[in-house]
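Trainee: File upload07.cif below, mmCIF, C-alpha atoms and all ligand atoms:
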```cif
data_final
#
loop_
_atom_site.label_atom_id
_atom_site.label_comp_id
_atom_site.auth_asym_id
_atom_site.auth_seq_id
_atom_site.Cartn_x
_atom_site.Cartn_y
_atom_site.Cartn_z
CA MET A 1 0.27 -37.69 22.19
CA CYS A 2 0.49 -39.02 18.70
CA MET A 3 -3.17 -38.43 18.05
CA ASP A 4 -2.83 -34.85 19.29
CA VAL A 5 0.01 -34.18 16.87
CA VAL A 6 -1.90 -35.72 14.00
CA GLY A 7 -4.98 -33.77 14.95
CA GLN A 8 -3.12 -30.46 15.09
CA CYS A 9 -1.33 -30.81 11.77
CA PRO A 10 -3.42 -32.79 9.29
CA GLY A 11 -1.12 -31.59 6.49
CA LYS A 12 1.81 -33.41 8.06
CA THR A 13 -0.10 -36.57 8.81
CA ARG A 14 2.36 -38.79 6.94
CA TRP A 15 5.28 -37.30 8.85
CA CYS A 16 3.38 -37.73 12.10
CA LEU A 17 2.60 -41.35 11.30
CA ASP A 18 6.26 -42.08 10.50
CA ARG A 19 7.28 -40.60 13.80
CA ALA A 20 4.66 -42.62 15.61
CA VAL A 21 5.85 -45.89 14.08
CA GLY A 22 9.63 -45.11 14.14
CA PRO A 23 11.05 -43.28 17.15
CA LEU A 24 8.07 -44.08 19.28
CA SER A 25 8.54 -47.82 18.83
CA ARG A 26 8.13 -48.30 22.56
CA CYS A 27 4.50 -47.41 22.16
CA GLN A 28 3.99 -49.39 18.98
CA SER A 29 0.58 -50.55 20.05
CA ALA A 30 -0.38 -46.98 20.77
CA ALA A 31 0.86 -46.02 17.33
CA ASP A 32 -1.27 -48.75 15.76
CA ARG A 33 -4.28 -47.45 17.61
CA CYS A 34 -3.24 -44.05 16.45
CA LEU A 35 -3.23 -45.19 12.80
CA ASP A 36 -6.73 -46.61 13.13
CA SER A 37 -7.96 -43.43 14.75
CA THR A 38 -6.20 -41.36 12.15
CA ASP A 39 -7.93 -43.15 9.30
CA ARG A 40 -11.25 -42.47 10.92
CA HIS A 41 -10.17 -38.90 11.63
CA LEU A 42 -9.04 -38.29 8.04
CA GLY A 43 -12.31 -39.71 6.77
CA LYS A 44 -14.21 -37.31 8.97
CA THR A 45 -11.99 -34.37 7.99
CA SER A 46 -12.53 -35.03 4.31
CA TRP A 47 -16.26 -35.25 4.87
CA CYS A 48 -16.15 -32.03 6.92
CA LEU A 49 -14.23 -30.11 4.25
CA ASN A 50 -16.64 -31.21 1.53
CA ALA A 51 -19.55 -30.23 3.73
CA VAL A 52 -18.07 -26.76 4.44
CA ALA A 53 -17.56 -26.12 0.71
CA GLU A 54 -21.13 -27.22 -0.02
CA VAL A 55 -22.53 -25.08 2.80
CA SER A 56 -20.55 -22.06 1.54
CA GLU A 57 -21.91 -22.48 -1.99
CA MET A 58 -25.41 -23.04 -0.69
CA THR A 59 -25.46 -20.03 1.67
CA GLN A 60 -23.87 -17.41 -0.67
CA THR A 61 -25.92 -16.35 -3.64
CA HIS A 62 -24.06 -15.85 -6.90
CA SER A 63 -24.35 -12.04 -6.80
CA LEU A 64 -23.27 -11.85 -3.15
CA GLN A 65 -20.24 -14.04 -3.86
CA LYS A 66 -19.40 -11.79 -6.83
CA LEU A 67 -19.55 -8.70 -4.57
CA LEU A 68 -17.39 -10.41 -1.92
CA ASP A 69 -14.80 -11.35 -4.57
CA GLU A 70 -14.64 -7.73 -5.80
CA LEU A 71 -14.44 -6.26 -2.27
CA GLU A 72 -11.62 -8.64 -1.31
CA ARG A 73 -9.57 -7.27 -4.20
CA LEU A 74 -9.53 -3.82 -2.56
CA PRO A 75 -6.35 -2.88 -0.66
CA GLY A 76 -6.55 -3.55 3.07
CA ILE A 77 -9.82 -5.52 2.78
CA GLY A 78 -9.72 -9.15 3.88
CA PRO A 79 -12.50 -11.78 3.69
CA LYS A 80 -14.04 -10.71 7.03
CA SER A 81 -14.08 -6.99 6.17
CA ALA A 82 -15.52 -7.81 2.73
CA GLN A 83 -18.30 -9.80 4.38
CA ARG A 84 -19.01 -6.96 6.86
CA ILE A 85 -19.26 -4.37 4.04
CA ALA A 86 -21.37 -6.64 1.82
CA TYR A 87 -23.89 -7.40 4.60
CA TRP A 88 -23.96 -3.72 5.61
CA LEU A 89 -24.85 -2.80 2.02
CA LEU A 90 -27.53 -5.50 1.90
CA ASN A 91 -29.06 -4.35 5.20
CA ASN A 92 -29.21 -0.68 4.15
CA GLU A 93 -31.57 1.09 1.77
CA THR A 94 -31.05 0.65 -1.98
CA ASP A 95 -30.11 4.36 -2.16
CA THR A 96 -26.97 3.72 -0.10
CA ALA A 97 -25.65 1.10 -2.52
CA GLU A 98 -26.61 3.24 -5.53
CA ARG A 99 -24.79 6.32 -4.15
CA LEU A 100 -21.64 4.24 -3.59
CA ALA A 101 -21.82 2.61 -7.02
CA ASN A 102 -22.43 6.00 -8.72
CA ALA A 103 -19.56 7.65 -6.83
CA ILE A 104 -17.16 4.93 -8.00
CA VAL A 105 -18.31 5.17 -11.63
CA GLU A 106 -18.23 9.00 -11.53
CA VAL A 107 -14.73 9.26 -10.08
CA LYS A 108 -13.38 6.91 -12.74
CA ALA A 109 -15.11 8.85 -15.52
CA SER A 110 -14.26 12.40 -14.42
CA VAL A 111 -10.87 12.26 -12.67
CA HIS A 112 -7.69 12.30 -14.72
CA PHE A 113 -4.15 13.66 -14.40
CA CYS A 114 -3.44 17.40 -14.21
CA GLU A 115 -1.67 18.35 -17.42
CA ARG A 116 0.95 20.34 -15.52
CA CYS A 117 1.83 18.44 -12.34
CA PHE A 118 0.12 15.01 -12.82
CA ASN A 119 -1.88 15.32 -9.62
CA TYR A 120 -5.50 14.11 -9.88
CA ALA A 121 -7.78 16.70 -11.47
CA GLU A 122 -11.29 17.07 -12.86
CA ASP A 123 -10.39 20.00 -15.11
CA LYS A 124 -7.23 20.53 -17.14
CA LEU A 125 -5.45 21.74 -14.02
CA CYS A 126 -5.63 20.37 -10.48
CA PRO A 127 -6.81 22.72 -7.69
CA VAL A 128 -3.18 23.55 -6.71
CA CYS A 129 -2.08 24.40 -10.26
CA ALA A 130 -5.32 26.38 -10.80
CA LYS A 131 -4.50 28.50 -7.74
CA ALA A 132 -0.92 28.90 -8.95
CA ALA A 133 -2.23 30.14 -12.33
CA GLN A 134 -4.18 32.82 -10.43
CA GLY A 135 -1.06 33.83 -8.50
CA GLN A 136 -2.27 32.31 -5.22
CA ARG A 137 0.60 29.77 -5.00
CA ASP A 138 4.36 30.16 -5.45
CA ASN A 139 5.29 28.86 -8.91
CA GLU A 140 9.00 29.18 -8.17
CA ILE A 141 9.14 26.24 -5.74
CA ILE A 142 8.30 22.76 -7.04
CA CYS A 143 7.81 19.91 -4.59
CA VAL A 144 8.50 16.54 -6.23
CA VAL A 145 6.47 13.61 -4.84
CA SER A 146 5.99 9.98 -5.84
CA GLU A 147 2.19 9.74 -5.75
CA PRO A 148 -0.82 12.15 -5.72
CA ARG A 149 -1.68 11.00 -2.18
CA ASP A 150 1.64 12.50 -0.97
CA ILE A 151 0.30 15.93 -2.00
CA THR A 152 -2.66 15.48 0.35
CA ALA A 153 -0.25 14.70 3.22
CA ILE A 154 1.88 17.80 2.56
CA GLU A 155 -1.15 20.05 2.06
CA ARG A 156 -2.48 18.95 5.45
CA THR A 157 0.57 20.54 7.11
CA GLY A 158 -0.28 23.98 5.68
CA GLU A 159 3.48 24.64 5.55
CA PHE A 160 4.02 24.52 1.78
CA SER A 161 2.81 27.20 -0.59
CA GLY A 162 4.57 26.14 -3.81
CA VAL A 163 3.45 23.77 -6.57
CA TYR A 164 3.94 20.04 -7.08
CA HIS A 165 5.20 17.49 -9.57
CA VAL A 166 4.05 13.87 -9.29
CA LEU A 167 6.53 11.30 -10.59
CA GLY A 168 4.10 8.38 -10.61
CA GLY A 169 6.33 6.08 -8.52
CA ALA A 170 9.94 5.71 -7.48
CA ILE A 171 12.99 4.07 -9.02
CA SER A 172 12.91 0.37 -8.09
CA PRO A 173 15.04 -2.00 -10.20
CA ILE A 174 13.54 -5.05 -8.41
CA ASP A 175 10.06 -4.05 -9.63
CA GLY A 176 11.40 -3.12 -13.07
CA ILE A 177 10.80 0.62 -12.55
CA GLY A 178 13.58 2.76 -13.98
CA PRO A 179 13.82 6.56 -14.51
CA GLU A 180 12.19 6.23 -17.93
CA GLN A 181 8.98 4.87 -16.34
CA LEU A 182 8.64 8.02 -14.19
CA ARG A 183 7.65 11.56 -15.22
CA ILE A 184 11.22 12.85 -14.96
CA ARG A 185 11.38 14.13 -18.53
CA GLU A 186 8.25 16.20 -17.88
CA LEU A 187 9.85 17.62 -14.72
CA LEU A 188 12.96 18.69 -16.63
CA GLN A 189 10.72 20.31 -19.29
CA ARG A 190 8.94 22.28 -16.55
CA LEU A 191 12.27 23.39 -15.07
CA ALA A 192 13.48 24.51 -18.49
CA ALA A 193 10.25 26.38 -19.33
CA ALA A 194 9.51 28.14 -16.03
CA ASP A 195 11.45 30.35 -13.65
CA VAL A 196 12.02 27.88 -10.81
CA CYS A 197 14.33 28.74 -7.92
CA GLU A 198 13.94 25.59 -5.76
CA VAL A 199 13.07 21.93 -6.20
CA LEU A 200 12.07 20.17 -2.97
CA LEU A 201 12.56 16.42 -3.30
CA ALA A 202 9.82 14.88 -1.13
CA THR A 203 10.05 11.23 -2.14
CA ASN A 204 9.63 8.64 0.62
CA PRO A 205 12.52 8.10 3.09
CA ASN A 206 13.03 4.47 1.97
CA VAL A 207 15.51 2.85 -0.44
CA GLU A 208 13.44 3.59 -3.56
CA GLY A 209 12.66 7.16 -2.49
CA GLU A 210 16.28 7.93 -1.58
CA THR A 211 17.53 6.45 -4.88
CA THR A 212 15.04 8.58 -6.81
CA ALA A 213 15.98 11.74 -4.87
CA THR A 214 19.72 11.17 -5.44
CA TYR A 215 19.12 10.52 -9.15
CA LEU A 216 17.04 13.71 -9.52
CA ALA A 217 19.51 15.82 -7.52
CA ARG A 218 22.28 14.80 -9.96
CA LEU A 219 20.09 15.72 -12.96
CA ILE A 220 19.01 19.09 -11.55
CA LYS A 221 22.38 20.24 -10.19
CA PRO A 222 23.77 21.39 -13.61
CA LEU A 223 20.67 23.59 -14.05
CA ASN A 224 21.78 25.80 -11.13
CA ILE A 225 18.50 25.34 -9.30
CA LYS A 226 18.57 24.96 -5.52
CA THR A 227 17.71 21.34 -4.68
CA THR A 228 16.47 20.45 -1.20
CA ARG A 229 15.37 17.23 0.47
CA LEU A 230 12.80 16.72 3.22
CA ALA A 231 14.59 16.50 6.58
CA SER A 232 14.40 13.26 8.57
CA GLY A 233 13.52 13.84 12.18
CA LEU A 234 11.97 12.54 15.35
CA PRO A 235 8.23 12.09 15.74
CA VAL A 236 6.51 14.74 17.85
CA GLY A 237 5.67 13.30 21.27
CA GLY A 238 8.24 10.47 20.88
CA ASP A 239 11.16 9.45 23.10
CA LEU A 240 14.82 9.66 22.07
CA GLU A 241 15.59 6.24 23.57
CA PHE A 242 13.15 4.55 21.16
CA ALA A 243 14.39 6.30 17.99
CA ASP A 244 16.33 4.19 15.48
CA GLU A 245 19.98 5.10 14.80
CA ILE A 246 19.43 6.34 11.24
CA THR A 247 16.56 8.69 12.15
CA LEU A 248 18.37 10.03 15.23
CA GLY A 249 21.62 10.41 13.25
CA ARG A 250 19.84 12.40 10.54
CA ALA A 251 18.06 14.53 13.13
CA ILE A 252 21.45 15.47 14.60
CA GLU A 253 22.88 16.13 11.13
CA ALA A 254 19.93 18.39 10.17
CA ARG A 255 19.82 20.21 13.57
CA ARG A 256 18.88 23.86 13.46
CA GLU A 257 19.50 26.87 15.64
CA ILE A 258 16.65 27.99 17.92
ZN ZN B 1 -1.55 20.29 -11.08
#
```
Will you turn the file into structure tokens for me?
Ligand SMILES: [Zn+2]

Mentor:
Amino acid sequence: MCMDVVGQCPGKTRWCLDRAVGPLSRCQSAADRCLDSTDRHLGKTSWCLNAVAEVSEMTQTHSLQKLLDELERLPGIGPKSAQRIAYWLLNNETDTAERLANAIVEVKASVHFCERCFNYAEDKLCPVCAKAAQGQRDNEIICVVSEPRDITAIERTGEFSGVYHVLGGAISPIDGIGPEQLRIRELLQRLAAADVCEVLLATNPNVEGETTATYLARLIKPLNIKTTRLASGLPVGGDLEFADEITLGRAIEARREI
């Protein structure tokens, strides 16, 4: 038993050995055998670990290791995914790797923030603001979001025809992000300069998003502009019995007549 424990948790070997010699005094001889075996085992483990490190260095070329290190830094990519991508790139034509590398360099060189709403853009204005300038979007409704990717999510619904304002984050004192780190001043300048009749606060329904929405609602209220917040509701296709209390409570609060 002792050997099994030692084998399973090499990191706690000392603790395991103490237990073997102390409480298990009835099997002292077994514990002694265990200590001998453990020494041999530890010797082997150490040899194994060194061997693994050497094998790893020997099998990965410098440039492949460099690519793996860079891929692992990407969000959502672990060591196994990095290895899969790296080997896929190696097994494909050179063109494939070049197209990917060029796309990354190009997007970094050509994409910047829209000067009006701070969405991503290649020209001065993003596609939404460009359409708004041509009268194809409603300039009187501004939807405030935390990140540019939130615009993509709302656009997918096809339900919003106004324009956007990207804050660049949400208020989070723990992370050291206060109102001054967000593009709130720019939002107030837009509200002062343009004829806006509604501001839709579409920050995330979490602590940071709710704090940001409450803070903005207080700032905008004196401007006599209608301020709305995205409703919280139940997922389509879901069951009431599995809904959490807060979501279900808000769904009841924001019920509408049909
Ligand atoms: Zn824009």

Trainee: Excluding region 101-108 of chain A and its own-chain neighbours fewer than 5 positions away, which residues fall within 12 Å of it when counting only C-alpha atoms? Please give them as JSON, numbers by chain.

Mentor: {"A": [67, 89, 94, 95, 96, 113, 120, 121, 122]}

Trainee: To one decimal in Å, tell me the separation between CA of Leu201 (chain A) and CA of Asp123 (chain A).

Mentor: 26.1 Å

Trainee: Which residues form the shell of 7 Å around ligand ZN 1 (chain B) when you count all atoms listed in the file, given as a PyMOL selection string?

Mentor: chain A and resi 114-119+125-129+164

Trainee: For Ser161 (chain A), list every protein, DNA or RNA residue within 12 Å, evaluated using all atoms listed in the file, and leave out those in the same chain fewer than 5 positions away; present the list as a ChimeraX atom specification.

Mentor: /A:128-129,131-132,135-143,151,154-156,200

Trainee: Region 184-186 of chain A: which residues within 12 Å, counting all atoms listed in the file, same-chain residues fewer than 3 positions away excluded, as a PyMOL selection string?

Mentor: chain A and resi 115-118+144-146+165-171+178-181+189-193+212-213+215-217+219-220

Trainee: Find the distance between CA of Leu71 (chain A) and CA of Ala97 (chain A) and write it in Å to one decimal.

Mentor: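 These two atoms are separated by 13.4 Å.
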
Trainee: Please measure the separation of CA of Ala254 (chain A) and CA of Phe160 (chain A), giving the value in Å to one decimal.

Mentor: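 Distance reported for this atom pair: 19.0 Å.
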
Trainee: Just checking: using only C-alpha atoms, which residue out of A:Pro173, A:Ile225, A:Gly233, A:Leu74 ends up closest to Glu208 (chain A)?

Mentor: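 Answer, going by the shortest atom-to-atom distance: A:Pro173.
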
Trainee: Give the answer as one residue: which of A:Glu257, A:Ser232, A:Glu147, A:Glu210 has the shortest atom-to-atom distance to Glu245 (chain A), using all atoms listed in the file?

Mentor: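 Among the listed residues, A:Ser232 lies closest to Glu245 (chain A).
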
Trainee: Complete the atom set of region 140-155 of chain A to N, CA and C atoms and return it as an mmCIF file, in the frame of the given file.

Mentor:
```
data_model
loop_
_atom_site.group_PDB
_atom_site.id
_atom_site.type_symbol
_atom_site.label_atom_id
_atom_site.label_comp_id
_atom_site.auth_asym_id
_atom_site.auth_seq_id
_atom_site.Cartn_x
_atom_site.Cartn_y
_atom_site.Cartn_z
ATOM 1 N N GLU A 140 7.542 29.308 -8.106
ATOM 2 C CA GLU A 140 9.000 29.180 -8.170
ATOM 3 C C GLU A 140 9.546 28.009 -7.335
ATOM 4 N N ILE A 141 8.697 27.410 -6.529
ATOM 5 C CA ILE A 141 9.140 26.240 -5.740
ATOM 6 C C ILE A 141 8.306 25.034 -6.152
ATOM 7 N N ILE A 142 8.993 23.988 -6.629
ATOM 8 C CA ILE A 142 8.300 22.760 -7.040
ATOM 9 C C ILE A 142 8.652 21.646 -6.054
ATOM 10 N N CYS A 143 7.624 21.052 -5.496
ATOM 11 C CA CYS A 143 7.810 19.910 -4.590
ATOM 12 C C CYS A 143 7.581 18.633 -5.373
ATOM 13 N N VAL A 144 8.594 17.778 -5.449
ATOM 14 C CA VAL A 144 8.500 16.540 -6.230
ATOM 15 C C VAL A 144 8.081 15.390 -5.310
ATOM 16 N N VAL A 145 6.958 14.742 -5.649
ATOM 17 C CA VAL A 145 6.470 13.610 -4.840
ATOM 18 C C VAL A 145 6.282 12.382 -5.732
ATOM 19 N N SER A 146 6.157 11.224 -5.077
ATOM 20 C CA SER A 146 5.990 9.980 -5.840
ATOM 21 C C SER A 146 4.552 9.786 -6.327
ATOM 22 N N GLU A 147 3.594 10.026 -5.437
ATOM 23 C CA GLU A 147 2.190 9.740 -5.750
ATOM 24 C C GLU A 147 1.291 10.929 -5.407
ATOM 25 N N PRO A 148 0.104 11.048 -6.050
ATOM 26 C CA PRO A 148 -0.820 12.150 -5.720
ATOM 27 C C PRO A 148 -1.201 12.189 -4.239
ATOM 28 N N ARG A 149 -1.276 11.009 -3.598
ATOM 29 C CA ARG A 149 -1.680 11.000 -2.180
ATOM 30 C C ARG A 149 -0.650 11.699 -1.285
ATOM 31 N N ASP A 150 0.607 11.785 -1.752
ATOM 32 C CA ASP A 150 1.640 12.500 -0.970
ATOM 33 C C ASP A 150 1.329 13.998 -0.921
ATOM 34 N N ILE A 151 0.680 14.512 -1.975
ATOM 35 C CA ILE A 151 0.300 15.930 -2.000
ATOM 36 C C ILE A 151 -0.689 16.222 -0.874
ATOM 37 N N THR A 152 -1.657 15.311 -0.718
ATOM 38 C CA THR A 152 -2.660 15.480 0.350
ATOM 39 C C THR A 152 -1.960 15.567 1.710
ATOM 40 N N ALA A 153 -0.968 14.707 1.938
ATOM 41 C CA ALA A 153 -0.250 14.700 3.220
ATOM 42 C C ALA A 153 0.476 16.017 3.445
ATOM 43 N N ILE A 154 1.130 16.542 2.407
ATOM 44 C CA ILE A 154 1.880 17.800 2.560
ATOM 45 C C ILE A 154 0.926 18.979 2.707
ATOM 46 N N GLU A 155 -0.169 18.958 1.963
ATOM 47 C CA GLU A 155 -1.150 20.050 2.060
ATOM 48 C C GLU A 155 -1.766 20.135 3.450
#
```
